[in-house]
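J.: Input structure: query-v3.txt, which contains compact mmCIF, C-alpha atoms.
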# COMPACT_ATOMS: atom_id res chain seq x y z
CA MET A 1 -40.30 -13.24 -78.30
CA THR A 2 -41.43 -11.98 -74.85
CA ASN A 3 -37.81 -11.78 -73.66
CA ASN A 4 -36.95 -9.68 -76.69
CA ARG A 5 -39.86 -7.39 -75.92
CA VAL A 6 -38.81 -6.97 -72.26
CA ALA A 7 -35.22 -6.31 -73.32
CA GLY A 8 -36.49 -3.83 -75.87
CA ASP A 9 -38.59 -2.00 -73.29
CA ARG A 10 -35.66 -1.83 -70.91
CA GLU A 11 -33.41 -0.48 -73.66
CA HIS A 12 -36.10 2.03 -74.61
CA GLN A 13 -36.32 3.33 -71.05
CA GLU A 14 -32.57 3.53 -70.71
CA VAL A 15 -32.17 5.40 -73.97
CA SER A 16 -35.12 7.67 -73.20
CA ALA A 17 -33.48 8.70 -69.93
CA LEU A 18 -30.27 9.57 -71.79
CA ILE A 19 -31.90 11.77 -74.43
CA PRO A 20 -31.30 15.10 -72.60
CA TRP A 21 -27.56 14.37 -72.59
CA TYR A 22 -27.75 13.10 -76.15
CA VAL A 23 -29.00 16.51 -77.23
CA ASN A 24 -26.47 18.44 -75.16
CA SER A 25 -23.71 16.17 -76.54
CA ARG A 26 -22.48 15.08 -73.13
CA LEU A 27 -22.85 11.32 -73.48
CA SER A 28 -19.86 9.04 -73.60
CA GLU A 29 -19.02 7.57 -76.99
CA SER A 30 -20.47 4.18 -76.11
CA GLU A 31 -23.69 5.72 -74.80
CA ARG A 32 -24.06 7.91 -77.88
CA LEU A 33 -23.66 4.91 -80.15
CA LYS A 34 -26.25 3.03 -78.12
CA VAL A 35 -28.74 5.88 -78.48
CA ASP A 36 -28.02 6.23 -82.19
CA ALA A 37 -28.68 2.52 -82.72
CA HIS A 38 -31.95 2.68 -80.76
CA LEU A 39 -33.22 5.75 -82.61
CA VAL A 40 -33.10 3.90 -85.92
CA ASP A 41 -35.97 1.68 -84.82
CA CYS A 42 -37.77 3.87 -82.22
CA ALA A 43 -39.95 6.65 -83.59
CA ALA A 44 -41.06 7.70 -80.07
CA CYS A 45 -37.48 8.35 -79.00
CA ARG A 46 -36.83 10.17 -82.26
CA ALA A 47 -39.79 12.42 -81.49
CA ASP A 48 -38.51 12.92 -77.95
CA VAL A 49 -35.12 13.89 -79.32
CA LEU A 50 -36.79 16.54 -81.48
CA VAL A 51 -38.74 17.94 -78.54
CA GLU A 52 -35.71 17.96 -76.24
CA GLN A 53 -33.64 19.50 -78.98
CA GLN A 54 -36.06 22.43 -79.12
CA ILE A 55 -36.09 22.84 -75.35
CA PHE A 56 -32.33 22.61 -75.21
CA GLU A 57 -31.90 25.22 -77.94
CA ALA A 58 -34.47 27.50 -76.35
CA ILE A 59 -32.82 27.36 -72.94
CA LYS A 60 -29.30 27.58 -74.27
CA GLY A 61 -30.14 30.44 -76.60
CA ALA A 62 -32.24 32.37 -74.11
CA PRO A 63 -31.23 36.00 -73.80
CA THR A 64 -29.27 36.71 -70.67
CA VAL A 65 -28.29 39.86 -68.93
CA GLU A 66 -24.59 40.44 -68.48
CA TYR A 67 -23.44 41.76 -65.14
CA MET A 68 -20.14 43.42 -64.43
CA PRO A 69 -18.49 41.62 -61.54
CA ALA A 70 -16.38 44.50 -60.19
CA ALA A 71 -18.97 45.94 -57.79
CA SER A 72 -19.97 42.48 -56.59
CA LEU A 73 -16.35 41.53 -56.04
CA LYS A 74 -15.81 44.69 -54.02
CA ARG A 75 -18.70 43.76 -51.77
CA LEU A 76 -17.29 40.26 -51.39
CA GLN A 77 -13.94 41.78 -50.41
CA THR A 78 -15.68 43.88 -47.77
CA ARG A 79 -17.30 40.76 -46.37
CA LEU A 80 -13.97 38.94 -46.41
CA ASP A 81 -12.32 41.86 -44.58
CA ALA A 82 -15.01 41.70 -41.93
CA LEU A 83 -14.65 37.94 -41.73
CA GLN A 84 -10.89 38.19 -41.33
CA SER A 85 -11.32 40.82 -38.61
CA VAL A 86 -13.58 38.47 -36.72
CA GLU A 87 -11.11 35.64 -37.22
CA ALA A 88 -8.25 37.85 -36.02
CA ALA A 89 -10.25 38.70 -32.91
CA ALA A 90 -10.98 35.02 -32.42
CA ASP A 91 -7.26 34.25 -32.83
CA ALA A 92 -6.41 36.83 -30.18
CA ALA A 93 -8.80 35.27 -27.71
CA PRO A 94 -6.99 31.89 -27.58
CA VAL A 95 -3.72 33.72 -26.78
CA VAL A 96 -5.31 34.95 -23.60
CA ARG A 97 -6.53 31.50 -22.95
CA ILE A 98 -3.07 30.07 -23.59
CA ARG A 99 -1.52 32.61 -21.22
CA SER A 100 -3.99 31.80 -18.54
CA GLY A 101 -3.54 28.20 -19.51
CA ARG A 102 0.06 28.35 -18.38
CA PHE A 103 -1.33 27.57 -14.96
CA PRO A 104 -2.23 23.98 -15.44
CA LYS A 105 -5.82 23.33 -14.59
CA ARG A 106 -4.90 20.45 -12.33
CA ALA A 107 -2.43 22.59 -10.39
CA LEU A 108 -5.03 25.32 -10.02
CA MET A 109 -7.55 22.81 -8.79
CA ALA A 110 -5.03 21.27 -6.39
CA ALA A 111 -4.11 24.72 -5.03
CA SER A 112 -7.77 25.57 -4.58
CA VAL A 113 -8.35 22.33 -2.72
CA ALA A 114 -5.31 22.96 -0.54
CA VAL A 115 -6.46 26.49 0.34
CA MET A 116 -9.89 25.17 1.15
CA ALA A 117 -8.41 22.39 3.27
CA ILE A 118 -6.22 24.83 5.20
CA THR A 119 -9.15 27.18 5.77
CA ILE A 120 -11.33 24.35 7.00
CA SER A 121 -8.51 23.08 9.25
CA LEU A 122 -8.06 26.53 10.79
CA LEU A 123 -11.77 26.87 11.35
CA LEU A 124 -11.93 23.43 12.92
CA ALA A 125 -8.90 24.16 15.09
CA ASP A 126 -10.45 27.41 16.27
CA ARG A 127 -13.69 25.66 17.07
CA TRP A 128 -11.73 22.93 18.86
CA VAL A 129 -9.86 25.47 20.99
CA GLN A 130 -13.14 27.15 21.84
CA PHE A 131 -14.65 23.80 22.63
CA ARG A 132 -11.76 22.84 24.90
CA ALA A 133 -11.88 26.18 26.63
CA GLN A 134 -15.56 25.70 27.19
CA GLN A 135 -14.85 22.23 28.51
CA ALA A 136 -12.11 23.52 30.83
CA ALA A 137 -14.14 26.43 32.22
CA PRO A 138 -17.73 25.62 33.13
CA ASN A 139 -20.24 27.63 31.27
CA TYR A 140 -22.02 28.80 34.35
CA ARG A 141 -21.19 31.11 37.18
CA THR A 142 -22.30 31.09 40.75
CA VAL A 143 -23.25 34.20 42.52
CA THR A 144 -19.98 34.09 44.47
CA SER A 145 -17.61 32.71 41.86
CA SER A 146 -17.17 35.99 40.06
CA PRO A 147 -14.55 38.40 41.34
CA PRO A 148 -15.65 40.75 44.13
CA HIS A 149 -17.57 43.70 42.84
CA ALA A 150 -15.84 45.95 45.30
CA HIS A 151 -12.56 45.74 47.11
CA ASP A 152 -14.27 45.61 50.54
CA GLU A 153 -17.03 43.21 49.59
CA VAL A 154 -17.28 40.34 52.06
CA ILE A 155 -20.75 38.92 51.47
CA ARG A 156 -23.13 38.55 48.54
CA ALA A 157 -26.72 38.14 49.35
CA VAL A 158 -30.06 37.81 47.63
CA PHE A 159 -33.17 38.95 49.39
CA ALA A 160 -36.79 38.14 48.81
CA PRO A 161 -38.25 40.31 46.05
CA THR A 162 -41.01 41.38 48.40
CA ILE A 163 -38.64 42.79 51.02
CA THR A 164 -39.04 46.48 51.65
CA LEU A 165 -36.24 48.93 51.83
CA VAL A 166 -36.85 49.44 55.55
CA GLU A 167 -36.74 45.70 56.21
CA LEU A 168 -33.56 45.43 54.16
CA GLN A 169 -31.91 48.23 56.02
CA ALA A 170 -32.93 46.75 59.36
CA ILE A 171 -31.38 43.41 58.47
CA LEU A 172 -28.17 45.04 57.32
CA ASP A 173 -27.98 47.16 60.44
CA GLU A 174 -28.45 44.13 62.57
CA ALA A 175 -25.72 42.26 60.78
CA GLU A 176 -23.55 45.35 60.70
CA LEU A 177 -23.22 45.28 56.96
CA ARG A 178 -23.60 47.91 54.30
CA ILE A 179 -24.40 47.74 50.64
CA VAL A 180 -21.41 48.19 48.42
CA SER A 181 -23.26 47.60 45.15
CA GLY A 182 -26.36 46.01 43.78
CA PRO A 183 -28.69 44.68 43.34
CA THR A 184 -27.60 43.09 40.06
CA GLU A 185 -30.07 41.84 37.46
CA ALA A 186 -30.13 38.63 39.43
CA GLY A 187 -30.92 40.55 42.63
CA VAL A 188 -27.48 40.08 44.15
CA TYR A 189 -26.19 42.62 46.62
CA SER A 190 -22.54 43.07 47.44
CA LEU A 191 -22.17 43.74 51.15
CA ALA A 192 -19.26 45.05 53.18
CA ALA A 193 -18.68 45.01 56.91
CA LYS A 194 -19.52 48.18 58.83
CA SER A 195 -17.67 47.11 61.93
CA SER A 196 -15.12 44.69 63.23
CA ARG A 197 -17.77 42.12 63.68
CA PRO A 198 -16.64 38.83 62.23
CA VAL A 199 -18.01 38.25 58.73
CA ARG A 200 -19.01 34.74 59.67
CA SER A 201 -21.19 36.09 62.43
CA SER A 202 -22.84 38.55 60.09
CA LEU A 203 -23.36 35.77 57.57
CA THR A 204 -25.02 33.56 60.16
CA LEU A 205 -27.36 36.34 61.10
CA LEU A 206 -28.33 36.94 57.49
CA ARG A 207 -29.00 33.28 56.84
CA GLN A 208 -31.34 33.15 59.81
CA HIS A 209 -33.54 35.87 58.42
CA PRO A 210 -36.49 34.50 56.39
CA THR A 211 -36.33 37.19 53.75
CA VAL A 212 -32.75 36.35 52.89
CA ARG A 213 -32.79 33.77 50.11
CA PHE A 214 -29.08 33.48 49.73
CA ALA A 215 -25.97 34.69 51.51
CA GLU A 216 -22.38 33.67 50.99
CA GLN A 217 -19.03 34.92 52.11
CA THR A 218 -16.85 35.99 49.19
CA ARG A 219 -13.57 36.46 50.92
CA GLU A 220 -11.85 35.76 54.14
CA GLU A 221 -11.88 38.17 56.99
CA PRO A 222 -10.67 41.53 55.84
CA ALA A 223 -7.43 42.79 57.14
CA PRO A 224 -7.80 45.09 60.14
CA GLY A 225 -6.74 48.05 58.05
CA ASP A 226 -9.41 47.38 55.43
CA SER A 227 -12.26 48.17 57.76
CA PRO A 228 -13.63 51.61 57.41
CA MET B 1 -8.06 11.10 -72.05
CA THR B 2 -6.96 14.47 -73.26
CA PRO B 3 -3.74 15.53 -71.61
CA LEU B 4 -4.07 18.76 -69.80
CA GLY B 5 -2.06 21.63 -71.10
CA LYS B 6 -0.05 23.71 -68.77
CA ASN B 7 -2.59 26.51 -68.95
CA SER B 8 -5.73 24.41 -69.23
CA PRO B 9 -8.74 25.78 -67.33
CA LYS B 10 -8.81 22.72 -65.05
CA GLU B 11 -5.16 23.06 -64.11
CA ARG B 12 -5.51 26.79 -63.69
CA ASP B 13 -8.52 26.32 -61.43
CA SER B 14 -6.63 23.75 -59.36
CA SER B 15 -3.65 26.08 -58.93
CA LEU B 16 -5.89 28.98 -57.97
CA LEU B 17 -7.84 26.91 -55.48
CA ALA B 18 -4.61 25.64 -53.90
CA ALA B 19 -3.52 29.27 -53.51
CA VAL B 20 -6.90 30.14 -52.00
CA ALA B 21 -6.46 27.30 -49.52
CA ALA B 22 -3.14 28.91 -48.56
CA GLY B 23 -4.97 32.18 -47.84
CA ASP B 24 -4.26 34.01 -51.11
CA ARG B 25 -6.99 36.63 -51.51
CA ARG B 26 -5.86 37.56 -55.04
CA ALA B 27 -6.25 33.95 -56.15
CA LEU B 28 -9.80 33.99 -54.81
CA GLU B 29 -10.53 37.18 -56.72
CA GLU B 30 -9.18 35.66 -59.91
CA LEU B 31 -11.30 32.57 -59.40
CA TYR B 32 -14.30 34.78 -58.68
CA LEU B 33 -13.88 36.75 -61.88
CA SER B 34 -13.52 33.60 -63.96
CA TYR B 35 -16.75 32.08 -62.56
CA HIS B 36 -18.87 35.17 -62.09
CA ARG B 37 -20.18 35.39 -65.65
CA ARG B 38 -21.36 31.82 -66.00
CA LEU B 39 -22.83 31.72 -62.51
CA ALA B 40 -24.59 35.06 -62.98
CA ARG B 41 -26.07 33.97 -66.30
CA PHE B 42 -27.20 30.67 -64.82
CA LEU B 43 -28.70 32.19 -61.67
CA SER B 44 -30.38 35.05 -63.52
CA ARG B 45 -32.58 32.42 -65.16
CA PHE B 46 -34.16 31.90 -61.75
CA THR B 47 -34.45 35.43 -60.42
CA ARG B 48 -34.79 38.84 -61.98
CA ARG B 49 -33.09 40.55 -59.06
CA TYR B 50 -29.36 40.90 -59.46
CA GLU B 51 -28.94 41.45 -55.71
CA ASN B 52 -30.17 37.88 -55.25
CA VAL B 53 -27.77 36.64 -57.90
CA GLU B 54 -24.90 38.52 -56.32
CA GLU B 55 -25.79 37.27 -52.87
CA ILE B 56 -25.71 33.65 -54.04
CA ILE B 57 -22.41 34.13 -55.88
CA ASN B 58 -20.76 35.94 -52.98
CA ASP B 59 -22.06 33.42 -50.46
CA THR B 60 -20.66 30.71 -52.71
CA PHE B 61 -17.22 32.28 -52.77
CA LEU B 62 -17.23 32.85 -49.04
CA VAL B 63 -17.73 29.09 -48.70
CA VAL B 64 -14.95 28.55 -51.26
CA TRP B 65 -12.66 30.81 -49.21
CA GLN B 66 -13.44 29.07 -45.96
CA ASN B 67 -13.39 25.49 -47.26
CA ALA B 68 -10.79 25.52 -50.03
CA ASN B 69 -8.53 23.25 -48.00
CA GLU B 70 -11.27 20.62 -47.90
CA PHE B 71 -11.35 20.25 -51.69
CA ARG B 72 -10.32 16.80 -52.86
CA SER B 73 -8.66 16.65 -56.25
CA ALA B 74 -10.70 13.54 -57.14
CA SER B 75 -13.38 15.93 -58.42
CA GLN B 76 -13.09 18.96 -60.66
CA VAL B 77 -12.79 22.41 -59.16
CA SER B 78 -15.60 23.64 -61.42
CA THR B 79 -17.92 20.86 -60.26
CA TRP B 80 -17.05 21.63 -56.64
CA ILE B 81 -17.70 25.36 -56.99
CA ILE B 82 -20.91 24.91 -58.97
CA GLY B 83 -22.03 22.36 -56.39
CA ILE B 84 -21.61 24.98 -53.67
CA ALA B 85 -23.48 27.49 -55.82
CA TYR B 86 -26.24 24.90 -56.40
CA ARG B 87 -26.77 24.32 -52.70
CA THR B 88 -26.59 28.05 -51.94
CA ALA B 89 -29.08 28.79 -54.72
CA LEU B 90 -31.39 26.01 -53.58
CA LYS B 91 -31.53 27.50 -50.08
CA SER B 92 -32.00 31.01 -51.43
CA PHE B 93 -34.78 30.03 -53.84
CA ARG B 94 -36.59 28.07 -51.16
CA ARG B 95 -36.31 31.06 -48.84
CA GLN B 96 -37.61 33.42 -51.54
CA LYS B 97 -40.42 31.04 -52.28
CA ASN B 98 -41.41 30.92 -48.62
CA HIS B 99 -41.25 34.68 -48.28
CA ALA B 100 -43.19 35.29 -51.47
CA GLY B 101 -45.68 32.53 -50.68
CA ALA B 102 -45.36 31.43 -54.29
CA SER B 103 -46.03 27.89 -55.35
CA SER B 104 -43.15 27.98 -57.78
CA LEU B 105 -40.45 30.28 -58.96
CA ASP B 106 -42.81 31.94 -61.48
CA GLU B 107 -42.75 35.11 -59.52
CA VAL B 108 -39.00 35.39 -59.50
CA CYS B 109 -38.45 34.45 -63.13
CA PRO B 110 -37.47 37.13 -65.58
CA GLU B 111 -40.43 38.47 -67.47
CA GLN B 112 -40.26 37.76 -71.17
CA THR B 113 -41.20 40.29 -73.76
CA ILE B 114 -43.86 39.12 -76.18
CA ASP B 115 -42.59 38.92 -79.70
CA PRO B 116 -44.83 37.86 -82.56
CA THR B 117 -42.50 35.14 -83.73
CA ILE B 118 -42.90 31.43 -83.12
CA GLU B 119 -39.47 31.11 -81.54
CA THR B 120 -40.24 33.76 -78.97
CA GLU B 121 -43.64 32.20 -78.34
CA ILE B 122 -42.04 28.85 -77.62
CA HIS B 123 -39.47 30.55 -75.50
CA ASP B 124 -42.15 32.33 -73.50
CA TRP B 125 -44.15 29.15 -72.99
CA LEU B 126 -41.01 27.33 -72.04
CA GLN B 127 -40.14 29.97 -69.48
CA GLN B 128 -43.57 29.62 -67.91
CA GLY B 129 -43.33 25.84 -67.98
CA LEU B 130 -39.91 25.90 -66.36
CA GLY B 131 -41.26 28.26 -63.72
CA ARG B 132 -43.84 25.66 -62.72
CA LEU B 133 -41.29 22.91 -62.16
CA PRO B 134 -40.17 21.97 -58.65
CA ILE B 135 -36.86 23.72 -58.05
CA GLU B 136 -34.77 20.52 -57.97
CA GLN B 137 -36.18 19.41 -61.34
CA ARG B 138 -35.67 22.80 -62.90
CA LEU B 139 -32.13 23.09 -61.60
CA THR B 140 -31.37 19.66 -63.05
CA MET B 141 -32.72 20.67 -66.46
CA GLU B 142 -30.91 24.02 -66.38
CA LEU B 143 -27.66 22.36 -65.38
CA ALA B 144 -27.97 20.07 -68.40
CA TYR B 145 -29.34 22.48 -70.98
CA HIS B 146 -28.07 25.88 -69.90
CA MET B 147 -24.76 24.89 -68.32
CA GLY B 148 -24.22 21.83 -70.53
CA HIS B 149 -23.26 19.44 -67.74
CA SER B 150 -23.14 15.67 -68.18
CA LEU B 151 -25.30 13.28 -66.17
CA GLU B 152 -22.37 12.38 -63.92
CA GLU B 153 -21.39 16.01 -63.37
CA ILE B 154 -24.94 16.89 -62.34
CA ALA B 155 -24.93 13.96 -59.94
CA ALA B 156 -21.71 15.33 -58.43
CA ILE B 157 -22.97 18.92 -58.32
CA THR B 158 -26.25 18.02 -56.71
CA ASP B 159 -24.68 15.31 -54.57
CA CYS B 160 -27.28 12.80 -55.75
CA PRO B 161 -27.11 9.36 -57.35
CA VAL B 162 -27.23 9.27 -61.14
CA GLY B 163 -30.63 7.55 -60.92
CA THR B 164 -32.04 10.50 -58.99
CA VAL B 165 -30.80 12.91 -61.63
CA LYS B 166 -32.40 10.81 -64.37
CA ALA B 167 -35.67 10.68 -62.43
CA ARG B 168 -35.70 14.44 -61.88
CA MET B 169 -35.03 15.05 -65.55
CA PHE B 170 -37.72 12.54 -66.56
CA HIS B 171 -40.36 14.27 -64.43
CA ALA B 172 -39.24 17.70 -65.62
CA ARG B 173 -39.63 16.63 -69.25
CA GLU B 174 -43.06 15.14 -68.62
CA LYS B 175 -44.31 18.29 -66.90
CA LEU B 176 -42.88 20.54 -69.56
CA ARG B 177 -44.72 18.58 -72.24
CA GLN B 178 -47.98 19.13 -70.40
CA CYS B 179 -47.22 22.84 -70.19
CA LEU B 180 -46.06 23.15 -73.78
CA PRO B 181 -48.72 21.67 -76.04
CA ALA B 182 -46.97 22.96 -79.14
CA LEU B 183 -43.98 20.81 -78.28
CA GLY B 184 -45.63 18.01 -76.37
CA GLY B 185 -48.32 17.58 -78.98
CA ALA B 186 -45.82 16.55 -81.60
CA ALA B 187 -44.23 14.06 -79.26
CA SER B 188 -47.59 12.71 -78.18
CA GLU B 189 -48.65 12.26 -81.76
CA SER B 190 -45.45 10.38 -82.52
CA ARG B 191 -45.93 8.23 -79.47
CA ALA B 192 -49.55 7.54 -80.38
CA ARG B 193 -48.57 6.49 -83.85
CA ILE B 194 -46.01 4.05 -82.44
CA GLU B 195 -48.40 2.62 -79.88
Take the structure from the file and write it as structure tokens.

T.:
Amino acid sequence: MTNNRVAGDREHQEVSALIPWYVNSRLSESERLKVDAHLVDCAACRADVLVEQQIFEAIKGAPTVEYMPAASLKRLQTRLDALQSVEAAADAAPVVRIRSGRFPKRALMAASVAVMAITISLLLADRWVQFRAQQAAPNYRTVTSSPPHAHDEVIRAVFAPTITLVELQAILDEAELRIVSGPTEAGVYSLAAKSSRPVRSSLTLLRQHPTVRFAEQTREEPAPGDSP
Amino acid sequence: MTPLGKNSPKERDSSLLAAVAAGDRRALEELYLSYHRRLARFLSRFTRRYENVEEIINDTFLVVWQNANEFRSASQVSTWIIGIAYRTALKSFRRQKNHAGASSLDEVCPEQTIDPTIETEIHDWLQQGLGRLPIEQRLTMELAYHMGHSLEEIAAITDCPVGTVKARMFHAREKLRQCLPALGGAASESRARIE
């Protein structure tokens, strides 16, 4: 008895859910027969069918406005034209990409790496040459290692910064030397012989003077003809 | 199963859609003209503005144009196209609803003229009742009653299980009965007598 009631309720729910399609005549044959059989004994579903029938008729028979499609179609065509223009532009873009793509990416990358490697190698080589040159030639210079400032220069000397011009001249006269050039930024004077006095003798005299900080012969004895 | 004639609408639609997939603009136009009337009538039940109707139809056929090659012949062309229109309309109606700040589509439903006849009165009440339904429920009812689609077709159009379609229709009917005492009263009385 209870089982029959449960089965009946289930059938009622199933049929009730199908009523909208019963009234619009879109049920399958087997479903329609099932609903027909249920309606014989179910007044509630019969009432539902009547209600849904009215709703269905009202909706189906509702007045509608007719629209002419021509203008709308024209606007769609305009949109399609625009769309196709965009697509054509998009199609053109890949051609450029394909053309540029003829250079394989890997080859381009390899070439870039090679150029970079060569550049770095050249830079390193240049730096190496500079380094070796620096190693070969000491990066300092003595007062006497540079070439003579004048062709008759025989001595370079540095005097005390407190020495006066009179004192300097007295020393030079005594040593029979004259200033060829100087002083440099480092206070170096280039001195030449004023007489035939041996340079070594003049040098010894300079070195004995307390205001002479440094004195060095830059060349051998000048040739007899070089003396003024 | 009824054999399809050479010029049956289904076969014609399939041929046209195949041509559209091949890039035939004239085939698209022919398809457009054959669907415009029914789609316009259906959509005009939701909005009084034809520009909205046209926008939905044209958006639908733009999708048809762009995706015709994705159509699988396992379903009907009409179901496929109406399914696109359904989704396009759903988006459009939701957007309109958000812009209008309306709680339902009442404000975009066509206004009914009052006629002193019972039929028109029922029709007017019905229109108001339909306007208060959630859009998915109303679309389900309109697809069944206005368009005449079967349960399975609506499931395909809305891309929902059959059970979901039944549930939406059930809730739509219940709400309509509450809105339409003239109709619901009779049903309630019948139900009361049975219980």

J.: May I ask you to extract the residues of chain A within 9 Å of chain B, using only C-alpha atoms, and to give them as a short mmCIF file (atom, residue, chain, number, x, y, z; two decimals) with C-alpha atoms, keeping the file's coordinate frame?

T.:
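Dumped everything to out07.cif:
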data_model
loop_
_atom_site.label_atom_id
_atom_site.label_comp_id
_atom_site.auth_asym_id
_atom_site.auth_seq_id
_atom_site.Cartn_x
_atom_site.Cartn_y
_atom_site.Cartn_z
CA SER A 16 -35.12 7.67 -73.20
CA ALA A 17 -33.48 8.70 -69.93
CA LEU A 18 -30.27 9.57 -71.79
CA PRO A 20 -31.30 15.10 -72.60
CA TRP A 21 -27.56 14.37 -72.59
CA VAL A 23 -29.00 16.51 -77.23
CA ASN A 24 -26.47 18.44 -75.16
CA SER A 25 -23.71 16.17 -76.54
CA ARG A 26 -22.48 15.08 -73.13
CA LEU A 27 -22.85 11.32 -73.48
CA CYS A 42 -37.77 3.87 -82.22
CA ALA A 43 -39.95 6.65 -83.59
CA ALA A 44 -41.06 7.70 -80.07
CA CYS A 45 -37.48 8.35 -79.00
CA ARG A 46 -36.83 10.17 -82.26
CA ALA A 47 -39.79 12.42 -81.49
CA ASP A 48 -38.51 12.92 -77.95
CA LEU A 50 -36.79 16.54 -81.48
CA VAL A 51 -38.74 17.94 -78.54
CA GLU A 52 -35.71 17.96 -76.24
CA GLN A 54 -36.06 22.43 -79.12
CA ILE A 55 -36.09 22.84 -75.35
CA PHE A 56 -32.33 22.61 -75.21
CA GLU A 57 -31.90 25.22 -77.94
CA ALA A 58 -34.47 27.50 -76.35
CA ILE A 59 -32.82 27.36 -72.94
CA LYS A 60 -29.30 27.58 -74.27
CA GLY A 61 -30.14 30.44 -76.60
CA ALA A 62 -32.24 32.37 -74.11
CA THR A 64 -29.27 36.71 -70.67
CA VAL A 65 -28.29 39.86 -68.93
CA GLU A 66 -24.59 40.44 -68.48
CA TYR A 67 -23.44 41.76 -65.14
CA MET A 68 -20.14 43.42 -64.43
CA PRO A 69 -18.49 41.62 -61.54
CA ALA A 70 -16.38 44.50 -60.19
CA SER A 72 -19.97 42.48 -56.59
CA LEU A 73 -16.35 41.53 -56.04
CA ARG A 75 -18.70 43.76 -51.77
CA LEU A 76 -17.29 40.26 -51.39
CA GLN A 77 -13.94 41.78 -50.41
CA ARG A 79 -17.30 40.76 -46.37
CA LEU A 80 -13.97 38.94 -46.41
#

J.: Quick one, how far is CA of Ala160 in chain A from CA of Arg200 in chain A?

T.: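 For CA of Ala160 in chain A relative to CA of Arg200 in chain A, the distance reads 21.1 Å.
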
J.: Tell me, in Å to one decimal, how far CA of Tyr86 in chain B is from CA of Thr60 in chain B.

T.: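 A separation of 8.9 Å between them.
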
J.: Draw an axis-aligned box tight on the listed atoms of range 84-90 of chain B, then pad every side by 5 Å and write out centre and edge lengths in Å to one decimal as lines of an AutoDock Vina configuration file.

T.:
center_x = -26.5
center_y = 26.6
center_z = -54.2
size_x = 19.8
size_y = 14.5
size_z = 14.5

J.: Write out as a list in words which residues come within 8 Å of Ile82 in chain B when counting all atoms listed in the file, dropping same-chain ones fewer than 4 positions away.

T.: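 The residues satisfying every condition are Leu39, Ser78, Tyr86 and Ile157 of chain B.
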
J.: Just checking: using all atoms listed in the file, which residue out of A:His209, A:Thr204, A:Val166, A:Val154 ends up closest to Ala192 in chain A?

T.: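 Looking only at the distances to Ala192 in chain A, the closest residue turns out to be A:Val154.
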
J.: Which distance in Å separates CA of Ala157 in chain A and CA of Ile179 in chain A, to one decimal?

T.: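 Between CA of Ala157 in chain A and CA of Ile179 in chain A the gap works out to 10.0 Å.
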
J.: Any idea what's packed within 8 Å of Val199 in chain A, counting all atoms listed in the file, ignoring anything in its chain fewer than 5 positions away? Could you give it as a count of residues only?

T.: 5

J.: For range 19-21 of chain B, work out the shell of residues within 12 Å, counting all atoms listed in the file and skipping chain neighbours fewer than 2 positions away, then give it as number ranges by chain.

T.: B: 12-17, 23-32, 61-72

J.: Rank B:Thr47, B:Gln137, B:Ser8, B:Gln178 by their smallest atom-to-atom distance to Thr158 in chain B, using all atoms listed in the file, and report the top residue only.

T.: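 Under the stated criterion, the closest residue is B:Gln137.
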
J.: Please rebuild range 27-36 of chain B with N, CA and C atoms and give the result as a CSV table (one decimal), keeping the file's coordinate frame.

T.:
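Okay, result.csv is ready:
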chain,number,residue,atom,x,y,z
B,27,ALA,N,-5.9,35.2,-55.4
B,27,ALA,CA,-6.2,34.0,-56.2
B,27,ALA,C,-7.8,33.8,-56.1
B,28,LEU,N,-8.3,34.1,-54.9
B,28,LEU,CA,-9.8,34.0,-54.8
B,28,LEU,C,-10.5,35.0,-55.8
B,29,GLU,N,-9.9,36.2,-55.8
B,29,GLU,CA,-10.5,37.2,-56.7
B,29,GLU,C,-10.4,36.7,-58.2
B,30,GLU,N,-9.3,36.1,-58.5
B,30,GLU,CA,-9.2,35.7,-59.9
B,30,GLU,C,-10.2,34.5,-60.2
B,31,LEU,N,-10.3,33.7,-59.2
B,31,LEU,CA,-11.3,32.6,-59.4
B,31,LEU,C,-12.7,33.1,-59.5
B,32,TYR,N,-13.0,34.1,-58.7
B,32,TYR,CA,-14.3,34.8,-58.7
B,32,TYR,C,-14.6,35.4,-60.1
B,33,LEU,N,-13.7,36.1,-60.6
B,33,LEU,CA,-13.9,36.8,-61.9
B,33,LEU,C,-14.1,35.7,-63.0
B,34,SER,N,-13.4,34.6,-62.9
B,34,SER,CA,-13.5,33.6,-64.0
B,34,SER,C,-14.8,32.8,-63.9
B,35,TYR,N,-15.5,32.8,-62.7
B,35,TYR,CA,-16.8,32.1,-62.6
B,35,TYR,C,-18.0,33.0,-62.5
B,36,HIS,N,-17.7,34.3,-62.3
B,36,HIS,CA,-18.9,35.2,-62.1
B,36,HIS,C,-19.8,35.2,-63.3
